[in-house]
>>> print(open('upload-v5.pdb').read())   # PDB, C-alpha atoms
MODEL        1
ATOM      1  CA  PRO A   1     103.878  97.404  88.926
ATOM      2  CA  GLY A   2     104.361  98.099  92.584
ATOM      3  CA  TYR A   3     101.528 100.403  93.614
ATOM      4  CA  ALA A   4     102.014 100.094  97.371
ATOM      5  CA  THR A   5     103.054 103.119  99.398
ATOM      6  CA  PRO A   6     106.747 103.018 100.451
ATOM      7  CA  ILE A   7     106.919 102.560 104.230
ATOM      8  CA  PRO A   8     109.723 103.829 106.494
ATOM      9  CA  PHE A   9     110.958 101.452 109.187
ATOM     10  CA  THR A  10     113.671 101.163 111.803
ATOM     11  CA  TYR A  11     115.205  97.906 112.922
ATOM     12  CA  ALA A  12     118.329  97.616 115.088
ATOM     13  CA  ARG A  13     119.014 101.338 114.606
ATOM     14  CA  GLU A  14     118.982 100.886 110.828
ATOM     15  CA  HIS A  15     116.641 103.385 109.145
ATOM     16  CA  GLY A  16     115.140 102.077 105.950
ATOM     17  CA  VAL A  17     112.222 102.169 103.586
ATOM     18  CA  LEU A  18     110.191  99.203 102.351
ATOM     19  CA  VAL A  19     109.275  99.197  98.674
ATOM     20  CA  PHE A  20     106.847  96.557  97.380
ATOM     21  CA  LYS A  21     107.999  96.096  93.788
ATOM     22  CA  ALA A  22     106.519  93.923  91.056
ATOM     23  CA  ARG A  23     108.367  90.774  92.141
ATOM     24  CA  ALA A  24     109.763  91.477  95.615
ATOM     25  CA  MET A  25     109.480  93.320  98.895
ATOM     26  CA  VAL A  26     112.724  95.288  99.093
ATOM     27  CA  ALA A  27     114.236  97.044 102.121
ATOM     28  CA  LEU A  28     116.480  99.962 101.248
ATOM     29  CA  LYS A  29     118.845 101.879 103.528
ATOM     30  CA  LEU A  30     117.279 105.298 103.921
ATOM     31  CA  ALA A  31     120.545 107.293 103.796
ATOM     32  CA  THR A  32     122.033 105.655 100.698
ATOM     33  CA  GLY A  33     119.327 103.664  98.913
ATOM     34  CA  ARG A  34     121.490 100.525  99.214
ATOM     35  CA  GLU A  35     119.486  97.309  99.347
ATOM     36  CA  LEU A  36     119.459  95.766 102.839
ATOM     37  CA  TRP A  37     117.433  92.654 101.959
ATOM     38  CA  ARG A  38     114.587  91.410  99.778
ATOM     39  CA  ILE A  39     111.757  88.913  99.954
ATOM     40  CA  ASP A  40     110.891  87.363  96.597
ATOM     41  CA  TRP A  41     107.107  87.823  96.227
ATOM     42  CA  ARG A  42     105.675  87.015  92.826
ATOM     43  CA  SER A  43     102.016  87.596  92.041
ATOM     44  CA  PHE A  44      99.821  87.156  88.997
ATOM     45  CA  TYR A  45     100.562  90.042  86.599
ATOM     46  CA  ASP A  46     103.584  90.865  88.822
ATOM     47  CA  CYS A  47     101.365  93.406  90.561
ATOM     48  CA  ASN A  48     101.688  94.199  94.270
ATOM     49  CA  ALA A  49      99.342  96.974  95.366
ATOM     50  CA  SER A  50      98.818  96.314  99.092
ATOM     51  CA  THR A  51     100.900  98.454 101.412
ATOM     52  CA  PRO A  52     103.082  96.454 103.858
ATOM     53  CA  THR A  53     102.622  96.834 107.603
ATOM     54  CA  VAL A  54     105.448  96.906 110.136
ATOM     55  CA  ILE A  55     104.382  95.714 113.595
ATOM     56  CA  GLY A  56     107.324  96.116 115.983
ATOM     57  CA  ASP A  57     109.942  93.651 114.741
ATOM     58  CA  LYS A  58     107.569  91.930 112.310
ATOM     59  CA  LEU A  59     106.375  92.658 108.773
ATOM     60  CA  PHE A  60     103.002  91.730 107.245
ATOM     61  CA  ILE A  61     102.615  91.652 103.461
ATOM     62  CA  SER A  62      99.772  90.499 101.247
ATOM     63  CA  THR A  63      98.689  90.461  97.627
ATOM     64  CA  GLY A  64      95.822  89.413  95.408
ATOM     65  CA  TYR A  65      95.137  88.993  91.710
ATOM     66  CA  GLY A  66      93.793  85.487  91.983
ATOM     67  CA  GLY A  67      95.089  81.979  91.867
ATOM     68  CA  ARG A  68      97.901  80.660  93.992
ATOM     69  CA  SER A  69      99.655  84.024  94.078
ATOM     70  CA  ALA A  70      97.013  85.600  96.357
ATOM     71  CA  ARG A  71      98.224  85.276  99.936
ATOM     72  CA  GLY A  72      99.360  87.040 103.083
ATOM     73  CA  ALA A  73     102.348  86.346 105.324
ATOM     74  CA  LEU A  74     104.037  87.530 108.494
ATOM     75  CA  PHE A  75     107.824  87.811 108.637
ATOM     76  CA  GLN A  76     110.273  88.223 111.524
ATOM     77  CA  LEU A  77     112.688  91.083 110.889
ATOM     78  CA  GLY A  78     116.342  90.526 111.734
ATOM     79  CA  PRO A  79     119.876  91.341 110.649
ATOM     80  CA  THR A  80     119.497  88.998 107.680
ATOM     81  CA  PRO A  81     116.583  88.634 105.289
ATOM     82  CA  PRO A  82     113.289  88.263 107.179
ATOM     83  CA  ARG A  83     112.119  84.787 108.147
ATOM     84  CA  GLN A  84     108.550  83.786 107.280
ATOM     85  CA  LEU A  85     106.526  82.979 110.413
ATOM     86  CA  TRP A  86     103.265  82.034 108.722
ATOM     87  CA  LEU A  87     101.430  82.080 105.392
ATOM     88  CA  ASN A  88      97.656  82.324 104.828
ATOM     89  CA  LYS A  89      96.473  81.503 101.301
ATOM     90  CA  ASP A  90      92.906  82.693 101.998
ATOM     91  CA  ILE A  91      94.056  86.311 102.031
ATOM     92  CA  GLY A  92      93.746  88.017  98.654
ATOM     93  CA  THR A  93      94.190  91.792  98.933
ATOM     94  CA  LYS A  94      94.087  92.922  95.333
ATOM     95  CA  THR A  95      93.722  96.702  95.484
ATOM     96  CA  SER A  96      93.536  97.358  99.200
ATOM     97  CA  SER A  97      95.789  97.098 102.204
ATOM     98  CA  ALA A  98      95.180  95.234 105.424
ATOM     99  CA  VAL A  99      95.016  96.863 108.852
ATOM    100  CA  VAL A 100      96.389  95.440 112.089
ATOM    101  CA  TYR A 101      94.511  95.994 115.344
ATOM    102  CA  GLY A 102      94.457  94.191 118.670
ATOM    103  CA  GLY A 103      96.601  91.269 117.539
ATOM    104  CA  HIS A 104      94.579  90.658 114.375
ATOM    105  CA  VAL A 105      94.785  91.469 110.673
ATOM    106  CA  TYR A 106      91.620  92.736 108.971
ATOM    107  CA  CYS A 107      91.338  92.863 105.190
ATOM    108  CA  VAL A 108      88.995  92.814 102.228
ATOM    109  CA  SER A 109      89.880  89.704 100.240
ATOM    110  CA  GLU A 110      88.967  88.770  96.695
ATOM    111  CA  ARG A 111      88.416  85.151  97.813
ATOM    112  CA  ASN A 112      84.903  83.674  97.601
ATOM    113  CA  ARG A 113      83.789  86.556  95.330
ATOM    114  CA  GLY A 114      84.592  89.031  98.094
ATOM    115  CA  GLN A 115      84.915  88.764 101.837
ATOM    116  CA  LEU A 116      85.997  90.695 104.880
ATOM    117  CA  MET A 117      88.484  88.703 106.968
ATOM    118  CA  CYS A 118      89.866  88.648 110.476
ATOM    119  CA  VAL A 119      93.160  86.730 110.789
ATOM    120  CA  SER A 120      95.196  86.002 113.925
ATOM    121  CA  LEU A 121      98.488  87.902 113.838
ATOM    122  CA  LYS A 122      99.997  85.265 116.140
ATOM    123  CA  ASP A 123      99.631  82.214 113.892
ATOM    124  CA  GLY A 124      97.909  83.327 110.655
ATOM    125  CA  THR A 125      94.713  81.347 111.155
ATOM    126  CA  THR A 126      91.506  82.783 109.764
ATOM    127  CA  VAL A 127      89.349  83.759 112.755
ATOM    128  CA  TRP A 128      86.234  84.716 110.767
ATOM    129  CA  THR A 129      85.038  85.830 107.342
ATOM    130  CA  GLU A 130      82.022  87.860 106.241
ATOM    131  CA  GLN A 131      80.715  87.294 102.720
ATOM    132  CA  SER A 132      78.537  90.439 102.306
ATOM    133  CA  PHE A 133      81.197  92.426 100.425
ATOM    134  CA  ALA A 134      82.121  92.945  96.782
ATOM    135  CA  PRO A 135      85.484  91.394  95.826
ATOM    136  CA  TYR A 136      87.467  94.591  95.898
ATOM    137  CA  GLY A 137      87.374  97.305  98.474
ATOM    138  CA  THR A 138      89.366  99.136 101.051
ATOM    139  CA  LEU A 139      89.277  99.592 104.770
ATOM    140  CA  MET A 140      90.759 101.577 107.603
ATOM    141  CA  ILE A 141      90.347 101.559 111.352
ATOM    142  CA  ALA A 142      89.348 104.335 113.749
ATOM    143  CA  ASP A 143      88.258 104.141 117.388
ATOM    144  CA  GLY A 144      88.068 100.335 117.281
ATOM    145  CA  LYS A 145      85.799 100.384 114.241
ATOM    146  CA  LEU A 146      86.416  99.133 110.716
ATOM    147  CA  ILE A 147      85.447 101.610 108.009
ATOM    148  CA  ILE A 148      84.996  99.687 104.775
ATOM    149  CA  LEU A 149      84.225 100.919 101.258
ATOM    150  CA  ASP A 150      83.595  98.094  98.813
ATOM    151  CA  GLU A 151      83.791  98.002  95.030
ATOM    152  CA  LYS A 152      80.058  98.626  94.616
ATOM    153  CA  GLY A 153      80.063 101.794  96.727
ATOM    154  CA  ALA A 154      78.811 100.366 100.027
ATOM    155  CA  LEU A 155      80.239 102.180 103.044
ATOM    156  CA  VAL A 156      80.158  99.994 106.153
ATOM    157  CA  ILE A 157      81.055 100.582 109.791
ATOM    158  CA  ALA A 158      81.707  97.415 111.834
ATOM    159  CA  ASP A 159      83.366  96.511 115.104
ATOM    160  CA  ALA A 160      87.029  95.507 114.823
ATOM    161  CA  SER A 161      86.695  92.403 116.970
ATOM    162  CA  PRO A 162      87.950  88.839 116.735
ATOM    163  CA  ASP A 163      84.668  87.744 118.361
ATOM    164  CA  GLY A 164      82.883  87.925 115.012
ATOM    165  CA  TYR A 165      81.466  90.303 112.448
ATOM    166  CA  HIS A 166      79.152  92.944 113.927
ATOM    167  CA  GLU A 167      77.947  95.524 111.446
ATOM    168  CA  LEU A 168      76.946  98.880 112.922
ATOM    169  CA  ALA A 169      75.916 100.802 109.791
ATOM    170  CA  ARG A 170      75.764 100.389 106.003
ATOM    171  CA  ALA A 171      74.912 102.873 103.247
ATOM    172  CA  LYS A 172      75.314 102.967  99.467
ATOM    173  CA  VAL A 173      77.373 106.138  98.951
ATOM    174  CA  LEU A 174      78.797 105.728  95.423
ATOM    175  CA  ASP A 175      77.579 104.400  92.082
ATOM    176  CA  GLY A 176      79.669 102.458  89.600
ATOM    177  CA  ARG A 177      82.914 100.649  90.310
ATOM    178  CA  CYS A 178      85.064 101.981  93.133
ATOM    179  CA  TRP A 179      88.626 100.711  93.466
ATOM    180  CA  VAL A 180      90.546 102.736  96.001
ATOM    181  CA  MET A 181      94.004 102.035  97.387
TER     182      MET A 181
ENDMDL
END
>>> encode(input="upload-v5.pdb", output="C-alpha cells")
Amino acid sequence: PGYATPIPFTYAREHGVLVFKARAMVALKLATGRELWRIDWRSFYDCNASTPTVIGDKLFISTGYGGRSARGALFQLGPTPPRQLWLNKDIGTKTSSAVVYGGHVYCVSERNRGQLMCVSLKDGTTVWTEQSFAPYGTLMIADGKLIILDEKGALVIADASPDGYHELARAKVLDGRCWVM
C-alpha cells in the first residue's frame, strides 16, 4: 500500500510526479508516465503513508510502522537517482506527513509511544521532542503555528520554532481513535 498523495515536481525543466509506493519512492515523467528514477524504501508491512515533501532541489521522505523501518531522510535531487544527504531513525511517521518550515522538519512520530519532533533540515539532527502526544496524529502549519490533531482527539496549537516546544492551546475535540492522513 502506498497511501501518500502523489506530488508534482519540477527539476531541471523535467516535470514529474512522485509516487510513494509500497516498496519505493518513484519519480514518473508527467507527460508519459515513464519512470525517471526510484529510491528503494521498504517499511514494515510495505506501507508508506506519509506524503513526500519537495524543498527546492531536495526531497524529504519518511515512514513509520515500527522497528528499523521507521525513519526519515533527505535526498538531493539530480539528473540521476537522488543521493541521500542524511537519515534520522528517530522519525516514525506512520499515518501522518511531516511539514517543513524555517529550515526544520516537524512531525508526529510513533517513537517513544508518541512524540512531536523538530528536526534540522540541514543535517537531520533531532532538535527537540515533546512527549505529550498519542503515537499517531497529524499536523499542518499556518502563520508560523503547528496545528496538531493526535490519535486521542487532542487538538493542539504550538509555535513552530526550533527554540523548543511552546504550546499555545489544547482542547479535546474528538472521542475515540482518530487517524487522519
>>> closest_residue(input="upload-v5.pdb", among="A:Ala73, A:Ala31, A:Met117, A:Ile39", to="Val19 (chain A)", atoms="all atoms listed in the file")
A:Ile39
>>> residues_around(input="upload-v5.pdb", residues="Arg42 (chain A)", least_positions_apart="4", cutoff="7 Å", atoms="all atoms listed in the file", output="PyMOL selection string")
chain A and resi 23-24+46+69
>>> resolve_selection(input="upload-v5.pdb", expression="the PyMOL selection byres ((chain A and resi 75-89) around 10)", output="ChimeraX atom specification")
/A:11-12,14,26-27,36-39,54-64,67-74,90-92,111,119,121-126
>>> resolve_selection(input="upload-v5.pdb", expression="the PyMOL selection byres ((chain A and resi 4) around 8)", output="list in words")
Gly2, Tyr3, Thr5, Pro6, Val19, Phe20, Asn48, Ala49, Ser50, Thr51 and Pro52 of chain A
>>> atom_distance(input="upload-v5.pdb", atom1="CA of Tyr106 (chain A)", atom2="CA of Glu151 (chain A)")
16.8 Å
>>> resolve_selection(input="upload-v5.pdb", expression="the PyMOL selection byres ((chain A and resi 116) around 7)", output="number ranges by chain")
A: 107-109, 115, 117, 129-131, 133
>>> atom_distance(input="upload-v5.pdb", atom1="CA of Lys152 (chain A)", atom2="CA of Thr95 (chain A)")
13.8 Å
>>> closest_residue(input="upload-v5.pdb", among="A:Ile148, A:Val105, A:Met25, A:Leu18", to="Ala169 (chain A)", atoms="only C-alpha atoms")
A:Ile148
>>> atom_distance(input="upload-v5.pdb", atom1="CA of Glu35 (chain A)", atom2="CA of Arg13 (chain A)")
15.8 Å
>>> closest_residue(input="upload-v5.pdb", among="A:Thr32, A:Ile157, A:Leu139, A:Leu149", to="Arg177 (chain A)", atoms="all atoms listed in the file")
A:Leu149
>>> residues_near_point(input="upload-v5.pdb", point="(80.1, 90.2, 113.9)", cutoff="12 Å", atoms="only C-alpha atoms", output="compact mmCIF listing (two decimals) with C-alpha atoms, in the coordinates of the input")
# COMPACT_ATOMS: atom_id res chain seq x y z
CA LEU A 116 86.00 90.70 104.88
CA MET A 117 88.48 88.70 106.97
CA CYS A 118 89.87 88.65 110.48
CA VAL A 127 89.35 83.76 112.76
CA TRP A 128 86.23 84.72 110.77
CA THR A 129 85.04 85.83 107.34
CA GLU A 130 82.02 87.86 106.24
CA GLN A 131 80.72 87.29 102.72
CA SER A 132 78.54 90.44 102.31
CA LYS A 145 85.80 100.38 114.24
CA LEU A 146 86.42 99.13 110.72
CA ILE A 157 81.06 100.58 109.79
CA ALA A 158 81.71 97.42 111.83
CA ASP A 159 83.37 96.51 115.10
CA ALA A 160 87.03 95.51 114.82
CA SER A 161 86.70 92.40 116.97
CA PRO A 162 87.95 88.84 116.74
CA ASP A 163 84.67 87.74 118.36
CA GLY A 164 82.88 87.92 115.01
CA TYR A 165 81.47 90.30 112.45
CA HIS A 166 79.15 92.94 113.93
CA GLU A 167 77.95 95.52 111.45
CA LEU A 168 76.95 98.88 112.92
>>> axis_aligned_box(input="upload-v5.pdb", around="region 151-157 of chain A", padding_each_side="3 Å", output="JSON")
{"center_x": 81.3, "center_y": 100.1, "center_z": 102.2, "size_x": 11.0, "size_y": 10.2, "size_z": 21.2}
>>> closest_residue(input="upload-v5.pdb", among="A:Lys21, A:Gly33, A:Tyr65, A:Val180", to="Ser96 (chain A)", atoms="all atoms listed in the file")
A:Val180
>>> closest_residue(input="upload-v5.pdb", among="A:Ala134, A:Met140, A:Val156, A:Ala22", to="Asn112 (chain A)", atoms="all atoms listed in the file")
A:Ala134
>>> closest_residue(input="upload-v5.pdb", among="A:Cys47, A:Leu28, A:Ala98, A:Ala171", to="Ile141 (chain A)", atoms="all atoms listed in the file")
A:Ala98
>>> decode(input="upload-v5.pdb", residues="region 5-45 of chain A", atoms="N, CA and C atoms", output="PDB file, in the first residue's frame")
ATOM      1  N   THR A   5      -0.119  10.985  -0.898  1.00  0.00           N
ATOM      2  CA  THR A   5      -0.615  11.770  -2.021  1.00  0.00           C
ATOM      3  C   THR A   5       0.484  11.907  -3.077  1.00  0.00           C
ATOM      4  N   PRO A   6       0.212  11.654  -4.352  1.00  0.00           N
ATOM      5  CA  PRO A   6       1.202  11.914  -5.403  1.00  0.00           C
ATOM      6  C   PRO A   6       1.533  13.420  -5.432  1.00  0.00           C
ATOM      7  N   ILE A   7       2.793  13.737  -5.607  1.00  0.00           N
ATOM      8  CA  ILE A   7       3.250  15.124  -5.545  1.00  0.00           C
ATOM      9  C   ILE A   7       3.916  15.515  -6.860  1.00  0.00           C
ATOM     10  N   PRO A   8       3.441  16.586  -7.516  1.00  0.00           N
ATOM     11  CA  PRO A   8       4.127  17.059  -8.721  1.00  0.00           C
ATOM     12  C   PRO A   8       5.441  17.737  -8.344  1.00  0.00           C
ATOM     13  N   PHE A   9       6.415  17.666  -9.229  1.00  0.00           N
ATOM     14  CA  PHE A   9       7.688  18.350  -9.011  1.00  0.00           C
ATOM     15  C   PHE A   9       8.295  18.701 -10.354  1.00  0.00           C
ATOM     16  N   THR A  10       9.209  19.657 -10.306  1.00  0.00           N
ATOM     17  CA  THR A  10       9.984  20.041 -11.491  1.00  0.00           C
ATOM     18  C   THR A  10      11.440  20.100 -11.078  1.00  0.00           C
ATOM     19  N   TYR A  11      12.281  19.437 -11.852  1.00  0.00           N
ATOM     20  CA  TYR A  11      13.716  19.519 -11.628  1.00  0.00           C
ATOM     21  C   TYR A  11      14.390  19.560 -12.991  1.00  0.00           C
ATOM     22  N   ALA A  12      15.244  20.551 -13.194  1.00  0.00           N
ATOM     23  CA  ALA A  12      15.966  20.718 -14.464  1.00  0.00           C
ATOM     24  C   ALA A  12      14.996  20.669 -15.644  1.00  0.00           C
ATOM     25  N   ARG A  13      13.925  21.408 -15.526  1.00  0.00           N
ATOM     26  CA  ARG A  13      12.889  21.526 -16.569  1.00  0.00           C
ATOM     27  C   ARG A  13      12.140  20.234 -16.848  1.00  0.00           C
ATOM     28  N   GLU A  14      12.359  19.225 -16.046  1.00  0.00           N
ATOM     29  CA  GLU A  14      11.651  17.948 -16.189  1.00  0.00           C
ATOM     30  C   GLU A  14      10.454  17.966 -15.238  1.00  0.00           C
ATOM     31  N   HIS A  15       9.242  17.872 -15.795  1.00  0.00           N
ATOM     32  CA  HIS A  15       8.032  17.846 -14.982  1.00  0.00           C
ATOM     33  C   HIS A  15       7.700  16.399 -14.654  1.00  0.00           C
ATOM     34  N   GLY A  16       7.524  16.149 -13.361  1.00  0.00           N
ATOM     35  CA  GLY A  16       7.246  14.783 -12.940  1.00  0.00           C
ATOM     36  C   GLY A  16       6.264  14.730 -11.797  1.00  0.00           C
ATOM     37  N   VAL A  17       5.996  13.531 -11.365  1.00  0.00           N
ATOM     38  CA  VAL A  17       5.150  13.289 -10.204  1.00  0.00           C
ATOM     39  C   VAL A  17       5.823  12.217  -9.352  1.00  0.00           C
ATOM     40  N   LEU A  18       5.831  12.446  -8.038  1.00  0.00           N
ATOM     41  CA  LEU A  18       6.396  11.491  -7.096  1.00  0.00           C
ATOM     42  C   LEU A  18       5.285  10.614  -6.558  1.00  0.00           C
ATOM     43  N   VAL A  19       5.496   9.313  -6.596  1.00  0.00           N
ATOM     44  CA  VAL A  19       4.520   8.355  -6.092  1.00  0.00           C
ATOM     45  C   VAL A  19       5.234   7.474  -5.072  1.00  0.00           C
ATOM     46  N   PHE A  20       4.749   7.506  -3.819  1.00  0.00           N
ATOM     47  CA  PHE A  20       5.332   6.709  -2.750  1.00  0.00           C
ATOM     48  C   PHE A  20       4.597   5.375  -2.727  1.00  0.00           C
ATOM     49  N   LYS A  21       5.204   4.372  -3.336  1.00  0.00           N
ATOM     50  CA  LYS A  21       4.593   3.048  -3.456  1.00  0.00           C
ATOM     51  C   LYS A  21       4.943   2.200  -2.230  1.00  0.00           C
ATOM     52  N   ALA A  22       4.521   0.975  -2.242  1.00  0.00           N
ATOM     53  CA  ALA A  22       4.733   0.078  -1.104  1.00  0.00           C
ATOM     54  C   ALA A  22       6.211  -0.132  -0.785  1.00  0.00           C
ATOM     55  N   ARG A  23       7.059  -0.172  -1.804  1.00  0.00           N
ATOM     56  CA  ARG A  23       8.469  -0.500  -1.571  1.00  0.00           C
ATOM     57  C   ARG A  23       9.439   0.505  -2.166  1.00  0.00           C
ATOM     58  N   ALA A  24       8.937   1.647  -2.656  1.00  0.00           N
ATOM     59  CA  ALA A  24       9.843   2.611  -3.286  1.00  0.00           C
ATOM     60  C   ALA A  24       9.175   3.967  -3.452  1.00  0.00           C
ATOM     61  N   MET A  25      10.010   4.993  -3.483  1.00  0.00           N
ATOM     62  CA  MET A  25       9.597   6.323  -3.918  1.00  0.00           C
ATOM     63  C   MET A  25       9.949   6.373  -5.400  1.00  0.00           C
ATOM     64  N   VAL A  26       8.960   6.605  -6.244  1.00  0.00           N
ATOM     65  CA  VAL A  26       9.166   6.557  -7.686  1.00  0.00           C
ATOM     66  C   VAL A  26       8.852   7.924  -8.290  1.00  0.00           C
ATOM     67  N   ALA A  27       9.739   8.404  -9.152  1.00  0.00           N
ATOM     68  CA  ALA A  27       9.511   9.635  -9.911  1.00  0.00           C
ATOM     69  C   ALA A  27       9.128   9.253 -11.330  1.00  0.00           C
ATOM     70  N   LEU A  28       7.981   9.758 -11.763  1.00  0.00           N
ATOM     71  CA  LEU A  28       7.483   9.464 -13.101  1.00  0.00           C
ATOM     72  C   LEU A  28       7.442  10.732 -13.931  1.00  0.00           C
ATOM     73  N   LYS A  29       7.776  10.617 -15.225  1.00  0.00           N
ATOM     74  CA  LYS A  29       7.673  11.746 -16.137  1.00  0.00           C
ATOM     75  C   LYS A  29       6.189  12.066 -16.311  1.00  0.00           C
ATOM     76  N   LEU A  30       5.840  13.319 -16.096  1.00  0.00           N
ATOM     77  CA  LEU A  30       4.437  13.702 -16.104  1.00  0.00           C
ATOM     78  C   LEU A  30       3.769  13.456 -17.454  1.00  0.00           C
ATOM     79  N   ALA A  31       4.456  13.754 -18.549  1.00  0.00           N
ATOM     80  CA  ALA A  31       3.854  13.650 -19.888  1.00  0.00           C
ATOM     81  C   ALA A  31       3.625  12.212 -20.342  1.00  0.00           C
ATOM     82  N   THR A  32       4.493  11.292 -19.905  1.00  0.00           N
ATOM     83  CA  THR A  32       4.425   9.928 -20.448  1.00  0.00           C
ATOM     84  C   THR A  32       4.205   8.841 -19.404  1.00  0.00           C
ATOM     85  N   GLY A  33       4.463   9.159 -18.137  1.00  0.00           N
ATOM     86  CA  GLY A  33       4.388   8.137 -17.092  1.00  0.00           C
ATOM     87  C   GLY A  33       5.630   7.275 -17.001  1.00  0.00           C
ATOM     88  N   ARG A  34       6.643   7.552 -17.832  1.00  0.00           N
ATOM     89  CA  ARG A  34       7.892   6.789 -17.815  1.00  0.00           C
ATOM     90  C   ARG A  34       8.626   7.047 -16.500  1.00  0.00           C
ATOM     91  N   GLU A  35       9.195   5.987 -15.940  1.00  0.00           N
ATOM     92  CA  GLU A  35       9.939   6.129 -14.692  1.00  0.00           C
ATOM     93  C   GLU A  35      11.234   6.889 -14.936  1.00  0.00           C
ATOM     94  N   LEU A  36      11.468   7.937 -14.134  1.00  0.00           N
ATOM     95  CA  LEU A  36      12.702   8.717 -14.201  1.00  0.00           C
ATOM     96  C   LEU A  36      13.759   8.131 -13.262  1.00  0.00           C
ATOM     97  N   TRP A  37      13.349   7.800 -12.053  1.00  0.00           N
ATOM     98  CA  TRP A  37      14.224   7.184 -11.055  1.00  0.00           C
ATOM     99  C   TRP A  37      13.376   6.639  -9.915  1.00  0.00           C
ATOM    100  N   ARG A  38      14.031   5.872  -9.035  1.00  0.00           N
ATOM    101  CA  ARG A  38      13.347   5.343  -7.854  1.00  0.00           C
ATOM    102  C   ARG A  38      14.323   5.257  -6.697  1.00  0.00           C
ATOM    103  N   ILE A  39      13.775   5.360  -5.502  1.00  0.00           N
ATOM    104  CA  ILE A  39      14.523   5.162  -4.268  1.00  0.00           C
ATOM    105  C   ILE A  39      13.882   3.959  -3.587  1.00  0.00           C
ATOM    106  N   ASP A  40      14.626   2.879  -3.426  1.00  0.00           N
ATOM    107  CA  ASP A  40      14.091   1.731  -2.701  1.00  0.00           C
ATOM    108  C   ASP A  40      13.839   2.156  -1.261  1.00  0.00           C
ATOM    109  N   TRP A  41      12.633   1.901  -0.753  1.00  0.00           N
ATOM    110  CA  TRP A  41      12.231   2.358   0.588  1.00  0.00           C
ATOM    111  C   TRP A  41      11.244   1.351   1.160  1.00  0.00           C
ATOM    112  N   ARG A  42      11.786   0.337   1.791  1.00  0.00           N
ATOM    113  CA  ARG A  42      10.963  -0.719   2.375  1.00  0.00           C
ATOM    114  C   ARG A  42      10.552  -0.312   3.785  1.00  0.00           C
ATOM    115  N   SER A  43       9.354  -0.669   4.164  1.00  0.00           N
ATOM    116  CA  SER A  43       8.872  -0.449   5.519  1.00  0.00           C
ATOM    117  C   SER A  43       8.116  -1.695   5.978  1.00  0.00           C
ATOM    118  N   PHE A  44       7.934  -1.796   7.280  1.00  0.00           N
ATOM    119  CA  PHE A  44       7.182  -2.907   7.839  1.00  0.00           C
ATOM    120  C   PHE A  44       5.792  -2.882   7.226  1.00  0.00           C
ATOM    121  N   TYR A  45       5.277  -3.997   6.818  1.00  0.00           N
ATOM    122  CA  TYR A  45       4.010  -4.154   6.105  1.00  0.00           C
ATOM    123  C   TYR A  45       4.055  -3.575   4.691  1.00  0.00           C
TER     124      TYR A  45
END
